[in-house]
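Shown next: start_12.pdb, containing PDB, C-alpha atoms.
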```pdb
ATOM      1  CA  ASN K  18       1.572   8.902  18.898
ATOM      2  CA  ALA K  19       2.721  10.345  15.545
ATOM      3  CA  GLY K  20       3.003   7.042  13.600
ATOM      4  CA  VAL K  21       4.627   7.621  10.204
ATOM      5  CA  THR K  22       5.444  11.242   9.361
ATOM      6  CA  GLN K  23       6.382  12.486   5.902
ATOM      7  CA  THR K  24       7.708  15.900   4.947
ATOM      8  CA  PRO K  25       7.060  17.929   2.919
ATOM      9  CA  LYS K  26       3.380  17.418   2.023
ATOM     10  CA  PHE K  27       3.728  19.260  -1.288
ATOM     11  CA  GLN K  28       6.746  20.053  -3.455
ATOM     12  CA  VAL K  29       7.326  21.527  -6.888
ATOM     13  CA  LEU K  30      10.697  20.882  -8.523
ATOM     14  CA  LYS K  31      12.275  21.934 -11.762
ATOM     15  CA  THR K  32      13.639  19.254 -14.060
ATOM     16  CA  GLY K  33      17.162  18.348 -13.008
ATOM     17  CA  GLN K  34      16.846  19.480  -9.403
ATOM     18  CA  SER K  35      17.512  17.083  -6.562
ATOM     19  CA  MET K  36      15.704  16.769  -3.277
ATOM     20  CA  THR K  37      15.065  14.475  -0.341
ATOM     21  CA  LEU K  38      11.671  13.316   0.870
ATOM     22  CA  GLN K  39      11.747  12.665   4.586
ATOM     23  CA  CYS K  40      10.059   9.791   6.407
ATOM     24  CA  ALA K  41      10.177   9.090  10.121
ATOM     25  CA  GLN K  42       8.341   6.554  12.289
ATOM     26  CA  ASP K  43       8.154   6.361  16.065
ATOM     27  CA  MET K  44       6.785   2.821  16.384
ATOM     28  CA  ASN K  45      10.177   1.039  16.380
ATOM     29  CA  HIS K  46       9.176  -0.841  13.231
ATOM     30  CA  GLU K  47      11.816  -2.930  11.502
ATOM     31  CA  TYR K  48      10.563  -2.570   7.961
ATOM     32  CA  MET K  49      10.131   0.627   5.964
ATOM     33  CA  SER K  50       9.178   1.160   2.341
ATOM     34  CA  TRP K  51       8.634   3.850  -0.249
ATOM     35  CA  TYR K  52       5.812   3.644  -2.790
ATOM     36  CA  ARG K  53       4.688   5.928  -5.560
ATOM     37  CA  GLN K  54       1.036   6.246  -6.494
ATOM     38  CA  ASP K  55      -0.006   7.106 -10.022
ATOM     39  CA  PRO K  56      -3.577   7.148 -11.417
ATOM     40  CA  GLY K  57      -4.746   3.701 -12.498
ATOM     41  CA  MET K  58      -1.536   2.001 -11.385
ATOM     42  CA  GLY K  59      -2.013   1.426  -7.688
ATOM     43  CA  LEU K  60       1.006   1.820  -5.433
ATOM     44  CA  ARG K  61       4.349   0.662  -6.749
ATOM     45  CA  LEU K  62       7.320  -0.158  -4.534
ATOM     46  CA  ILE K  63      10.413   2.007  -5.078
ATOM     47  CA  HIS K  64      12.812   0.863  -2.315
ATOM     48  CA  TYR K  65      12.473  -0.874   0.992
ATOM     49  CA  SER K  66      14.508  -1.601   4.114
ATOM     50  CA  VAL K  67      14.441  -4.528   6.553
ATOM     51  CA  GLY K  68      16.453  -2.703   9.196
ATOM     52  CA  ALA K  69      19.079  -0.047   9.824
ATOM     53  CA  GLY K  70      21.862  -0.309   7.275
ATOM     54  CA  ILE K  71      19.926  -2.652   4.940
ATOM     55  CA  THR K  72      18.061  -1.488   1.841
ATOM     56  CA  ASP K  73      16.958  -3.091  -1.406
ATOM     57  CA  GLN K  74      15.282  -2.163  -4.664
ATOM     58  CA  GLY K  75      11.613  -2.533  -5.374
ATOM     59  CA  GLU K  76       9.717  -2.504  -8.649
ATOM     60  CA  VAL K  77      10.574   1.055  -9.826
ATOM     61  CA  PRO K  78      13.927   2.094  -8.260
ATOM     62  CA  ASN K  79      15.493   4.055 -11.128
ATOM     63  CA  GLY K  80      16.149   7.703 -10.324
ATOM     64  CA  TYR K  81      15.831   7.218  -6.563
ATOM     65  CA  ASN K  82      18.267   6.499  -3.732
ATOM     66  CA  VAL K  83      17.617   5.536  -0.135
ATOM     67  CA  SER K  84      19.595   4.966   3.034
ATOM     68  CA  ARG K  85      18.638   3.773   6.509
ATOM     69  CA  SER K  86      21.093   4.911   9.127
ATOM     70  CA  THR K  87      18.600   4.636  11.997
ATOM     71  CA  THR K  88      15.509   2.547  12.707
ATOM     72  CA  GLU K  89      13.345   5.687  12.719
ATOM     73  CA  ASP K  90      14.308   7.420   9.467
ATOM     74  CA  PHE K  91      14.134   6.361   5.829
ATOM     75  CA  PRO K  92      14.717   9.286   3.438
ATOM     76  CA  LEU K  93      14.128   9.035  -0.317
ATOM     77  CA  ARG K  94      16.440  11.023  -2.562
ATOM     78  CA  LEU K  95      15.618  12.116  -6.092
ATOM     79  CA  LEU K  96      18.936  12.522  -7.834
ATOM     80  CA  SER K  97      17.893  14.559 -10.885
ATOM     81  CA  ALA K  98      14.140  15.131 -11.018
ATOM     82  CA  ALA K  99      12.249  14.323 -14.216
ATOM     83  CA  PRO K 100       8.594  15.008 -15.144
ATOM     84  CA  SER K 101       7.991  11.225 -15.057
ATOM     85  CA  GLN K 102       8.609  11.396 -11.303
ATOM     86  CA  THR K 103       5.540  13.576 -10.785
ATOM     87  CA  SER K 104       3.520  11.454  -8.379
ATOM     88  CA  VAL K 105       2.273  11.021  -4.847
ATOM     89  CA  TYR K 106       4.875   9.331  -2.657
ATOM     90  CA  PHE K 107       3.981   7.258   0.384
ATOM     91  CA  CYS K 108       6.279   5.942   3.049
ATOM     92  CA  ALA K 109       5.149   2.919   5.067
ATOM     93  CA  SER K 110       6.428   0.948   8.027
ATOM     94  CA  SER K 111       5.606  -2.487   9.403
ATOM     95  CA  TYR K 112       6.858  -5.058  11.866
ATOM     96  CA  SER K 113       7.145  -8.805  12.249
ATOM     97  CA  LEU K 114       5.635 -10.974  14.937
ATOM     98  CA  GLY K 115       8.324 -13.562  14.410
ATOM     99  CA  GLN K 116       9.447 -16.213  11.965
ATOM    100  CA  LEU K 117       6.256 -18.248  12.059
ATOM    101  CA  THR K 118       3.910 -15.303  11.517
ATOM    102  CA  PRO K 119       3.705 -13.380   8.248
ATOM    103  CA  ASN K 120       4.307  -9.674   8.387
ATOM    104  CA  THR K 121       1.576  -7.529   9.788
ATOM    105  CA  GLU K 122      -0.159  -4.319   8.769
ATOM    106  CA  ALA K 123       1.732  -1.610   6.888
ATOM    107  CA  PHE K 124       1.188   1.864   8.328
ATOM    108  CA  PHE K 125       1.355   4.675   5.800
ATOM    109  CA  GLY K 126       2.425   8.285   6.111
ATOM    110  CA  GLN K 127       0.158  11.037   4.809
ATOM    111  CA  GLY K 128       1.980  11.272   1.503
ATOM    112  CA  THR K 129       4.060  13.821  -0.419
ATOM    113  CA  ARG K 130       2.612  15.238  -3.620
ATOM    114  CA  LEU K 131       5.522  15.985  -5.939
ATOM    115  CA  THR K 132       5.278  17.898  -9.200
ATOM    116  CA  VAL K 133       8.256  18.137 -11.540
ATOM    117  CA  VAL K 134       8.013  20.865 -14.176
TER
ATOM    118  CA  GLY D  28       7.978 -11.179  -9.235
ATOM    119  CA  GLU D  29       4.430 -10.934  -7.964
ATOM    120  CA  ASN D  30       1.687  -9.473 -10.147
ATOM    121  CA  VAL D  31      -1.719  -8.506  -8.761
ATOM    122  CA  GLU D  32      -4.693  -7.774 -11.010
ATOM    123  CA  GLN D  33      -7.759  -6.025  -9.563
ATOM    124  CA  HIS D  34     -11.262  -5.701 -11.022
ATOM    125  CA  PRO D  35     -13.364  -3.719 -11.583
ATOM    126  CA  SER D  36     -11.571  -0.387 -11.838
ATOM    127  CA  THR D  37     -14.783   1.474 -10.961
ATOM    128  CA  LEU D  38     -17.889   0.270  -9.152
ATOM    129  CA  SER D  39     -21.086   2.207  -8.571
ATOM    130  CA  VAL D  40     -23.806   0.898  -6.216
ATOM    131  CA  GLN D  41     -26.891   2.165  -4.442
ATOM    132  CA  GLU D  42     -26.827   2.587  -0.697
ATOM    133  CA  GLY D  43     -27.715  -0.706   0.966
ATOM    134  CA  ASP D  44     -26.498  -2.860  -1.933
ATOM    135  CA  SER D  45     -23.484  -5.155  -1.727
ATOM    136  CA  ALA D  46     -20.157  -4.505  -3.448
ATOM    137  CA  VAL D  47     -17.606  -7.099  -4.531
ATOM    138  CA  ILE D  48     -14.043  -6.417  -5.660
ATOM    139  CA  LYS D  49     -11.864  -9.222  -7.009
ATOM    140  CA  CYS D  50      -8.102  -9.709  -7.205
ATOM    141  CA  THR D  51      -5.886 -12.366  -8.713
ATOM    142  CA  TYR D  52      -2.208 -12.894  -7.947
ATOM    143  CA  SER D  53       0.584 -14.756  -9.711
ATOM    144  CA  ASP D  54       3.071 -15.822  -6.997
ATOM    145  CA  SER D  55       1.945 -19.060  -5.370
ATOM    146  CA  ALA D  56       4.288 -18.321  -2.441
ATOM    147  CA  SER D  57       2.266 -15.237  -1.424
ATOM    148  CA  ASN D  58       0.464 -15.867   1.832
ATOM    149  CA  TYR D  59      -0.638 -12.481   3.169
ATOM    150  CA  PHE D  60      -3.430 -10.514   1.481
ATOM    151  CA  PRO D  61      -4.452  -7.129   2.899
ATOM    152  CA  TRP D  62      -7.096  -4.708   1.667
ATOM    153  CA  TYR D  63      -6.621  -0.962   1.995
ATOM    154  CA  LYS D  64      -9.146   1.870   1.785
ATOM    155  CA  GLN D  65      -8.007   5.287   0.628
ATOM    156  CA  GLU D  66     -10.268   8.300   0.907
ATOM    157  CA  LEU D  67      -9.651  11.283  -1.319
ATOM    158  CA  GLY D  68      -6.409  13.029  -0.392
ATOM    159  CA  LYS D  69      -5.726  10.655   2.501
ATOM    160  CA  ARG D  70      -3.314   7.825   3.211
ATOM    161  CA  PRO D  71      -4.226   4.153   2.560
ATOM    162  CA  GLN D  72      -5.520   2.428   5.689
ATOM    163  CA  LEU D  73      -5.889  -1.272   6.326
ATOM    164  CA  ILE D  74      -9.502  -2.441   6.550
ATOM    165  CA  ILE D  75      -9.083  -6.203   6.605
ATOM    166  CA  ASP D  76      -6.469  -8.832   5.827
ATOM    167  CA  ILE D  77      -6.327 -12.588   5.393
ATOM    168  CA  ARG D  78      -3.564 -15.140   5.629
ATOM    169  CA  SER D  79      -3.266 -18.262   3.510
ATOM    170  CA  ASN D  80      -4.278 -20.666   6.251
ATOM    171  CA  VAL D  81      -7.732 -19.055   6.351
ATOM    172  CA  GLY D  82     -10.421 -19.182   3.626
ATOM    173  CA  GLU D  83     -12.682 -16.395   4.841
ATOM    174  CA  LYS D  84     -12.590 -13.593   7.374
ATOM    175  CA  LYS D  85     -15.350 -11.204   8.431
ATOM    176  CA  ASP D  86     -15.410  -7.907  10.269
ATOM    177  CA  GLN D  87     -18.906  -6.468  10.591
ATOM    178  CA  ARG D  88     -20.007  -5.469   7.049
ATOM    179  CA  ILE D  89     -16.696  -6.407   5.439
ATOM    180  CA  ALA D  90     -15.516  -9.866   4.471
ATOM    181  CA  VAL D  91     -12.626 -11.265   2.486
ATOM    182  CA  THR D  92     -12.450 -14.672   0.838
ATOM    183  CA  LEU D  93      -9.345 -16.445  -0.426
ATOM    184  CA  ASN D  94      -8.994 -19.273  -2.933
ATOM    185  CA  LYS D  95      -5.332 -20.318  -2.930
ATOM    186  CA  THR D  96      -5.824 -22.979  -5.591
ATOM    187  CA  ALA D  97      -7.196 -20.445  -8.053
ATOM    188  CA  LYS D  98      -4.957 -17.674  -6.694
ATOM    189  CA  HIS D  99      -7.705 -15.142  -6.188
ATOM    190  CA  PHE D 100      -9.229 -13.258  -3.301
ATOM    191  CA  SER D 101     -12.210 -10.947  -2.985
ATOM    192  CA  LEU D 102     -13.527  -8.138  -0.818
ATOM    193  CA  HIS D 103     -17.227  -8.123   0.013
ATOM    194  CA  ILE D 104     -18.967  -5.088   1.504
ATOM    195  CA  THR D 105     -22.580  -5.553   2.545
ATOM    196  CA  GLU D 106     -25.176  -2.883   3.297
ATOM    197  CA  THR D 107     -23.034  -0.218   1.686
ATOM    198  CA  GLN D 108     -23.165   3.338   2.986
ATOM    199  CA  PRO D 109     -22.090   6.631   1.355
ATOM    200  CA  GLU D 110     -19.061   6.747   3.664
ATOM    201  CA  ASP D 111     -17.824   3.527   2.036
ATOM    202  CA  SER D 112     -17.104   5.592  -1.089
ATOM    203  CA  ALA D 113     -13.316   5.503  -1.591
ATOM    204  CA  VAL D 114     -10.573   3.777  -3.552
ATOM    205  CA  TYR D 115      -9.912   0.210  -2.455
ATOM    206  CA  PHE D 116      -6.625  -1.592  -3.042
ATOM    207  CA  CYS D 117      -5.833  -5.246  -2.688
ATOM    208  CA  ALA D 118      -2.260  -6.401  -2.113
ATOM    209  CA  ALA D 119      -0.213  -9.555  -1.754
ATOM    210  CA  ARG D 120       3.024 -10.492  -0.030
ATOM    211  CA  ARG D 121       5.220 -13.471   0.797
ATOM    212  CA  SER D 122       5.916 -13.951   4.477
ATOM    213  CA  THR D 123       9.650 -13.653   3.738
ATOM    214  CA  SER D 124       9.323 -10.524   1.612
ATOM    215  CA  TYR D 125       9.590  -8.091   4.456
ATOM    216  CA  GLY D 126       8.234  -4.651   3.598
ATOM    217  CA  LYS D 127       7.332  -5.658   0.013
ATOM    218  CA  LEU D 128       3.657  -5.325  -0.783
ATOM    219  CA  THR D 129       2.478  -5.714  -4.386
ATOM    220  CA  PHE D 130      -0.724  -3.740  -4.957
ATOM    221  CA  GLY D 131      -3.559  -4.079  -7.403
ATOM    222  CA  GLN D 132      -4.514  -1.105  -9.550
ATOM    223  CA  GLY D 133      -7.345   0.023  -7.271
ATOM    224  CA  THR D 134     -11.154   0.180  -7.465
ATOM    225  CA  ILE D 135     -13.057   3.447  -7.167
ATOM    226  CA  LEU D 136     -16.225   2.602  -5.238
ATOM    227  CA  THR D 137     -19.074   5.098  -5.313
ATOM    228  CA  VAL D 138     -22.110   4.534  -3.104
ATOM    229  CA  HIS D 139     -25.108   6.623  -4.118
ATOM    230  CA  PRO D 140     -27.553   7.685  -1.376
TER
END
```

Would you give me this structure, written as structure tokens?
Amino acid sequence: NAGVTQTPKFQVLKTGQSMTLQCAQDMNHEYMSWYRQDPGMGLRLIHYSVGAGITDQGEVPNGYNVSRSTTEDFPLRLLSAAPSQTSVYFCASSYSLGQLTPNTEAFFGQGTRLTVV
Amino acid sequence: GENVEQHPSTLSVQEGDSAVIKCTYSDSASNYFPWYKQELGKRPQLIIDIRSNVGEKKDQRIAVTLNKTAKHFSLHITETQPEDSAVYFCAARRSTSYGKLTFGQGTILTVHP
């Protein structure tokens, strides 16, 4: 049972380069999200998805794109990397027990540590 | 949107003491409040959560209390142990805000043997 898998674990980019952070879950969860974690700021939501083909912006979406073509995968694309995007990125997935029950636990991947120089 | 404030930012206790971490939130429609523990270099993991129809929830040495009128909730850890040392995050979410957790800034808890 892999849960939520992120690749790569570490990445160094040069300013202006683009790349894609991969996230895959094998729990058939409807909801997937991307967060960035910076010291003293907790985790901030970048983008999220409520199902295949549906995505929306979170708190800090600028400079990032997402797509959700399948239930399992939710890649995060950095269009033109900037030093301000140096951070630890976490992907998370969760599911719903139905309309009358609030969403349940978010399961996190192991994170991707990104450095932009 | 939702805003979650968490205090203190650091907390140092002796083994066996209790630790309390407090969070306030701004969106009165939020009704799900999880707490996550993150050990150094690891992913956040859920330790306890509470929903707005409940005022208190306990799980062994961990408890969470919720005051919806005042819009604050707290994490209580009793009989702390060195392995409780970690960063703790509170979060809040509306039931209709699928996949959208708003996190507090985190508390670094250190338990000294």

**Study point:** d(atom CA of D:His139, atom CA of D:Thr51) in Å
**Key:**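 Atom CA of D:Thr51 lies 27.4 Å from atom CA of D:His139.
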
Check your understanding: Between D:Gln132, D:Ser55, D:Ser101, D:Asn30, which is the closest to chain K once you count only C-alpha atoms?
Key ->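 Closest candidate: D:Gln132.
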
Step by step, work through what the ChimeraX specification (/D :<9) & /K selects in the shown file, and finish by giving those residues as a tab-separated table (two decimals) with C-alpha atoms, in the frame of the given file.
```tsv
chain	number	residue	atom	x	y	z
K	47	GLU	CA	11.82	-2.93	11.50
K	48	TYR	CA	10.56	-2.57	7.96
K	49	MET	CA	10.13	0.63	5.96
K	50	SER	CA	9.18	1.16	2.34
K	56	PRO	CA	-3.58	7.15	-11.42
K	57	GLY	CA	-4.75	3.70	-12.50
K	58	MET	CA	-1.54	2.00	-11.38
K	59	GLY	CA	-2.01	1.43	-7.69
K	60	LEU	CA	1.01	1.82	-5.43
K	61	ARG	CA	4.35	0.66	-6.75
K	62	LEU	CA	7.32	-0.16	-4.53
K	64	HIS	CA	12.81	0.86	-2.32
K	65	TYR	CA	12.47	-0.87	0.99
K	66	SER	CA	14.51	-1.60	4.11
K	67	VAL	CA	14.44	-4.53	6.55
K	75	GLY	CA	11.61	-2.53	-5.37
K	76	GLU	CA	9.72	-2.50	-8.65
K	107	PHE	CA	3.98	7.26	0.38
K	109	ALA	CA	5.15	2.92	5.07
K	110	SER	CA	6.43	0.95	8.03
K	111	SER	CA	5.61	-2.49	9.40
K	112	TYR	CA	6.86	-5.06	11.87
K	113	SER	CA	7.14	-8.80	12.25
K	116	GLN	CA	9.45	-16.21	11.96
K	117	LEU	CA	6.26	-18.25	12.06
K	118	THR	CA	3.91	-15.30	11.52
K	119	PRO	CA	3.70	-13.38	8.25
K	120	ASN	CA	4.31	-9.67	8.39
K	121	THR	CA	1.58	-7.53	9.79
K	122	GLU	CA	-0.16	-4.32	8.77
K	123	ALA	CA	1.73	-1.61	6.89
K	124	PHE	CA	1.19	1.86	8.33
K	125	PHE	CA	1.36	4.68	5.80
K	126	GLY	CA	2.42	8.28	6.11
K	127	GLN	CA	0.16	11.04	4.81
K	128	GLY	CA	1.98	11.27	1.50
```

Exercise for review: Give as a list in words the residues that the PyMOL selection byres ((chain K and resi 106) around 10) matches when applied to the coordinates above.
Suggested key: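 When the PyMOL selection byres ((chain K and resi 106) around 10) is applied, the selected residues are Gln23, Lys26, Leu38, Trp51, Tyr52, Arg53, Gln54, Asp55, Leu60, Arg61, Leu62, Ile63, Leu93, Gln102, Thr103, Ser104, Val105, Phe107, Cys108, Gly126, Gln127, Gly128, Thr129, Arg130 and Leu131 of chain K.
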
Review point. Which neighbours of stretch 41-49 of chain D fall inside 9 Å, counting only C-alpha atoms, when residues of the same chain fewer than 5 positions from it are skipped, and could you give them as a PyMOL selection string?
Key: chain D and resi 32-36+99-109+115+117+134+136-140

Revision key, fill the gap. Correct to one decimal, the distance atom CA of D:Glu66-atom CA of D:Thr37 is 14.4 Å

Step by step, work through what the PyMOL selection byres ((chain K and resi 80) around 8) selects in the shown file, and finish by giving those residues as an mmCIF file with C-alpha atoms, in the frame of the given file.
```cif
data_model
loop_
_atom_site.group_PDB
_atom_site.id
_atom_site.type_symbol
_atom_site.label_atom_id
_atom_site.label_comp_id
_atom_site.auth_asym_id
_atom_site.auth_seq_id
_atom_site.Cartn_x
_atom_site.Cartn_y
_atom_site.Cartn_z
ATOM 1 C CA PRO K 78 13.927 2.094 -8.260
ATOM 2 C CA ASN K 79 15.493 4.055 -11.128
ATOM 3 C CA TYR K 81 15.831 7.218 -6.563
ATOM 4 C CA ASN K 82 18.267 6.499 -3.732
ATOM 5 C CA LEU K 95 15.618 12.116 -6.092
ATOM 6 C CA LEU K 96 18.936 12.522 -7.834
ATOM 7 C CA SER K 97 17.893 14.559 -10.885
ATOM 8 C CA ALA K 98 14.140 15.131 -11.018
#
```

Review point. At what distance in Å, to one decimal, does atom CA of K:Cys40 lie from atom CA of K:Pro100?
Key: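 These two atoms are separated by 22.2 Å.
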
Please define a box with edges along x, y and z of the file around all atoms of stretch 107-116 of chain K given in the file, extend it by 5 Å on each side, and return its centre and edge lengths in Å to one decimal, as AutoDock Vina command-line options.
```
--center_x 6.7 --center_y -4.5 --center_z 7.7 --size_x 15.5 --size_y 33.5 --size_z 24.6
```

Exercise for review: Tell me which of D:Asn94, D:Gln65, D:Asp86, D:Val81 sits closest to D:Glu110, counting only C-alpha atoms.
Suggested key: D:Gln65
